[in-house]
Amino acid sequence: MVFLGPPGAGKGTQAEMLVERLKITHVSTGGLFRQAIEEGTPAGAEVREYVDSGRLVPDHLVMQLVEGLVAGQEGRGICFDGFPRTLAQAEALDCVLTGHSAGVDVVLALDLPDEVALNRLMSRGREDDDYATARYRLEVYQTTTAPLIRYYTERGLMARVDGNADINTVARRIDDALKALAA
């Protein structure tokens with residue numbers, strides 16, 4: 001399962017609630033990065049260099065970590081939270097999963113108007129969520145991640161969910177979308 005949506009849409013919150021209900025593994029790239037760094041693996045050392053300098057971790061390194069995770073989860077469902085972020089990552093994920101006789105079964109996209117996303121980001125009070133940064137993150141989402149909605153829609157895997165509601169209402173909408181896809 002893949003969770004998509006703009007920054008501030010509630011992907012992390014909803015993914016955590018969903019994996020609890022479904023008893024599957026929750027994976028965010030940030031979590032993968034922190035784990036690799038904490039474990040002191042060679043990949044973790046390389047990730048640390050990128051993270052510490054504020055640069056994006058390159059796709060080949062992200063995919064190396066994803067491959068390791070998928071290999072350790074044989075037969076167990078995984079919810080990728082905010083990953084893949086680009087078409088290249090989506091195609092690489094397809095290859096990794098196919099290599100383990102698996103595939104993406106469903107993609108949930110939380111839809112949220114930009115103004116609401118900006119308000120949510122600004123209200124979180126995080127140091128990295130000033131207005132200019134939040135606006136930039138939304139623009140990056142629109143140009144690099146939003147095209148994945150078409151990619152997964154063409155494969156019949158997409159479920160769009162209105163994320164402009166309270167947490168429990170969005171959770172019910174997600175459950176309804178999953179039931180509709182399964183029908």
# chains A, B, ... in the order shown; residues from 1 in each chain; ligands from 1

call {"tool": "residues_around", "arguments": {"residues": "Val57 of chain A", "least_positions_apart": "4", "cutoff": "10 Å", "atoms": "only C-alpha atoms", "output": "list of chain:residue names"}}
result
A:Thr29, A:Phe33, A:Glu46, A:Val47, A:Arg48, A:Glu49, A:Tyr50, A:Val51, A:Leu61, A:Val62

call {"tool": "residues_around", "arguments": {"residues": "Ser28 of chain A", "least_positions_apart": "4", "cutoff": "10 Å", "atoms": "only C-alpha atoms", "output": "ChimeraX atom specification"}}
result
/A:3,12,15,32-34,66,79-84

call {"tool": "select_by_dssp", "arguments": {"residues": "segment 59-129 of chain A", "states": "strand (DSSP E or B)", "output": "compact mmCIF listing (two decimals) with C-alpha atoms, in the first residue's frame"}}
result
# COMPACT_ATOMS: atom_id res chain seq x y z
CA ILE A 78 3.59 -2.80 4.07
CA CYS A 79 2.19 0.72 4.06
CA PHE A 80 4.61 3.17 2.42
CA ASP A 81 3.92 6.60 3.89
CA VAL A 107 -2.63 3.65 -3.44
CA LEU A 108 -4.45 6.07 -1.15
CA ALA A 109 -4.20 9.74 -2.05
CA LEU A 110 -5.32 12.23 0.55
CA ASP A 111 -6.62 15.28 -1.30

call {"tool": "closest_residue", "arguments": {"among": "A:Gly31, A:Pro7, A:Gly103, A:Gly125", "to": "Leu157 of chain A", "atoms": "only C-alpha atoms"}}
result
A:Gly103

call {"tool": "closest_residue", "arguments": {"among": "A:Ala183, A:Leu87, A:Leu65, A:Leu112", "to": "Ile149 of chain A", "atoms": "only C-alpha atoms"}}
result
A:Leu87

call {"tool": "select_by_dssp", "arguments": {"residues": "segment 43-77 of chain A", "states": "helix (DSSP H, G or I)", "output": "list in words"}}
result
Ala43, Gly44, Ala45, Glu46, Val47, Arg48, Glu49, Tyr50, Val51, Asp52, Ser53, Asp59, His60, Leu61, Val62, Met63, Gln64, Leu65, Val66, Glu67, Gly68, Leu69, Val70 and Ala71 of chain A

call {"tool": "residues_around", "arguments": {"residues": "Ala90 of chain A", "least_positions_apart": "5", "cutoff": "10 Å", "atoms": "only C-alpha atoms", "output": "PyMOL selection string"}}
result
chain A and resi 2+83-85+95-96+104+145+148+151-152

call {"tool": "write_last_selection", "arguments": {"atoms": "N, CA, C and O atoms", "output": "mmCIF file, in the first residue's frame"}}
result
data_model
loop_
_atom_site.group_PDB
_atom_site.id
_atom_site.type_symbol
_atom_site.label_atom_id
_atom_site.label_comp_id
_atom_site.auth_asym_id
_atom_site.auth_seq_id
_atom_site.Cartn_x
_atom_site.Cartn_y
_atom_site.Cartn_z
ATOM 1 N N VAL A 2 0.461 2.238 -0.763
ATOM 2 C CA VAL A 2 1.185 3.499 -0.836
ATOM 3 C C VAL A 2 0.235 4.613 -0.404
ATOM 4 O O VAL A 2 -0.916 4.647 -0.838
ATOM 5 N N PHE A 83 5.981 7.706 0.254
ATOM 6 C CA PHE A 83 6.959 7.110 -0.663
ATOM 7 C C PHE A 83 6.193 6.175 -1.565
ATOM 8 O O PHE A 83 5.329 5.438 -1.090
ATOM 9 N N PRO A 84 6.456 6.159 -2.829
ATOM 10 C CA PRO A 84 7.462 6.915 -3.568
ATOM 11 C C PRO A 84 7.046 8.376 -3.727
ATOM 12 O O PRO A 84 5.873 8.714 -3.641
ATOM 13 N N ARG A 85 8.039 9.230 -4.004
ATOM 14 C CA ARG A 85 7.800 10.659 -4.192
ATOM 15 C C ARG A 85 7.938 11.080 -5.652
ATOM 16 O O ARG A 85 7.513 12.164 -6.013
ATOM 17 N N CYS A 95 9.801 -2.595 -9.398
ATOM 18 C CA CYS A 95 10.837 -3.599 -9.678
ATOM 19 C C CYS A 95 11.239 -4.350 -8.413
ATOM 20 O O CYS A 95 11.369 -5.583 -8.429
ATOM 21 N N VAL A 96 11.434 -3.621 -7.332
ATOM 22 C CA VAL A 96 11.813 -4.256 -6.058
ATOM 23 C C VAL A 96 10.723 -5.227 -5.618
ATOM 24 O O VAL A 96 11.004 -6.378 -5.266
ATOM 25 N N VAL A 104 2.340 -3.371 -5.578
ATOM 26 C CA VAL A 104 1.471 -2.397 -4.942
ATOM 27 C C VAL A 104 0.029 -2.828 -5.215
ATOM 28 O O VAL A 104 -0.350 -3.044 -6.359
ATOM 29 N N THR A 145 5.430 14.736 -7.106
ATOM 30 C CA THR A 145 4.680 13.623 -6.528
ATOM 31 C C THR A 145 3.273 13.495 -7.105
ATOM 32 O O THR A 145 2.811 12.384 -7.364
ATOM 33 N N LEU A 148 2.225 10.987 -9.767
ATOM 34 C CA LEU A 148 2.055 9.579 -9.414
ATOM 35 C C LEU A 148 0.584 9.194 -9.341
ATOM 36 O O LEU A 148 0.240 8.022 -9.521
ATOM 37 N N TYR A 151 -0.154 7.919 -12.652
ATOM 38 C CA TYR A 151 0.571 6.646 -12.815
ATOM 39 C C TYR A 151 -0.205 5.496 -12.177
ATOM 40 O O TYR A 151 -0.408 4.451 -12.797
ATOM 41 N N TYR A 152 -0.638 5.696 -10.941
ATOM 42 C CA TYR A 152 -1.336 4.613 -10.242
ATOM 43 C C TYR A 152 -2.805 4.500 -10.662
ATOM 44 O O TYR A 152 -3.366 3.401 -10.635
#

call {"tool": "atom_distance", "arguments": {"atom1": "atom CA of Val161 of chain A", "atom2": "atom CA of Lys179 of chain A"}}
result
12.5 Å

call {"tool": "atom_distance", "arguments": {"atom1": "atom CA of Pro42 of chain A", "atom2": "atom CA of Ser101 of chain A"}}
result
27.1 Å

call {"tool": "atom_distance", "arguments": {"atom1": "atom CA of Gln73 of chain A", "atom2": "atom CA of Thr25 of chain A"}}
result
8.3 Å

call {"tool": "closest_residue", "arguments": {"among": "A:Gly30, A:Gly54, A:Pro113, A:Gly68", "to": "His100 of chain A", "atoms": "only C-alpha atoms"}}
result
A:Gly68

call {"tool": "residues_around", "arguments": {"residues": "Ile167 of chain A", "least_positions_apart": "5", "cutoff": "10 Å", "atoms": "only C-alpha atoms", "output": "PyMOL selection string"}}
result
chain A and resi 10+13-14+17+172-173

call {"tool": "write_last_selection", "arguments": {"atoms": "N, CA, C and O atoms", "output": "compact mmCIF listing (two decimals), in the first residue's frame"}}
result
# COMPACT_ATOMS: atom_id res chain seq x y z
N GLY A 10 -1.95 14.89 6.48
CA GLY A 10 -2.20 13.91 7.54
C GLY A 10 -1.80 12.50 7.18
O GLY A 10 -2.27 11.54 7.79
N THR A 13 -0.25 10.51 10.21
CA THR A 13 -1.28 10.20 11.22
C THR A 13 -2.21 9.11 10.71
O THR A 13 -2.47 8.12 11.41
N GLN A 14 -2.71 9.27 9.50
CA GLN A 14 -3.64 8.28 8.95
C GLN A 14 -2.96 6.95 8.69
O GLN A 14 -3.55 5.88 8.92
N MET A 17 -2.66 5.08 11.99
CA MET A 17 -3.95 4.52 12.40
C MET A 17 -4.33 3.32 11.54
O MET A 17 -4.82 2.31 12.06
N ARG A 172 -12.48 7.14 8.50
CA ARG A 172 -13.67 6.42 7.98
C ARG A 172 -13.71 6.48 6.46
O ARG A 172 -14.04 5.49 5.80
N ARG A 173 -13.34 7.62 5.90
CA ARG A 173 -13.32 7.75 4.43
C ARG A 173 -12.29 6.80 3.83
O ARG A 173 -12.53 6.21 2.76

call {"tool": "closest_residue", "arguments": {"among": "A:Val70, A:Val106, A:Ala36, A:Met122", "to": "Thr153 of chain A", "atoms": "only C-alpha atoms"}}
result
A:Val106

call {"tool": "residues_around", "arguments": {"residues": "Gly77 of chain A", "least_positions_apart": "4", "cutoff": "9 Å", "atoms": "only C-alpha atoms", "output": "PyMOL selection string"}}
result
chain A and resi 1+22-26+73
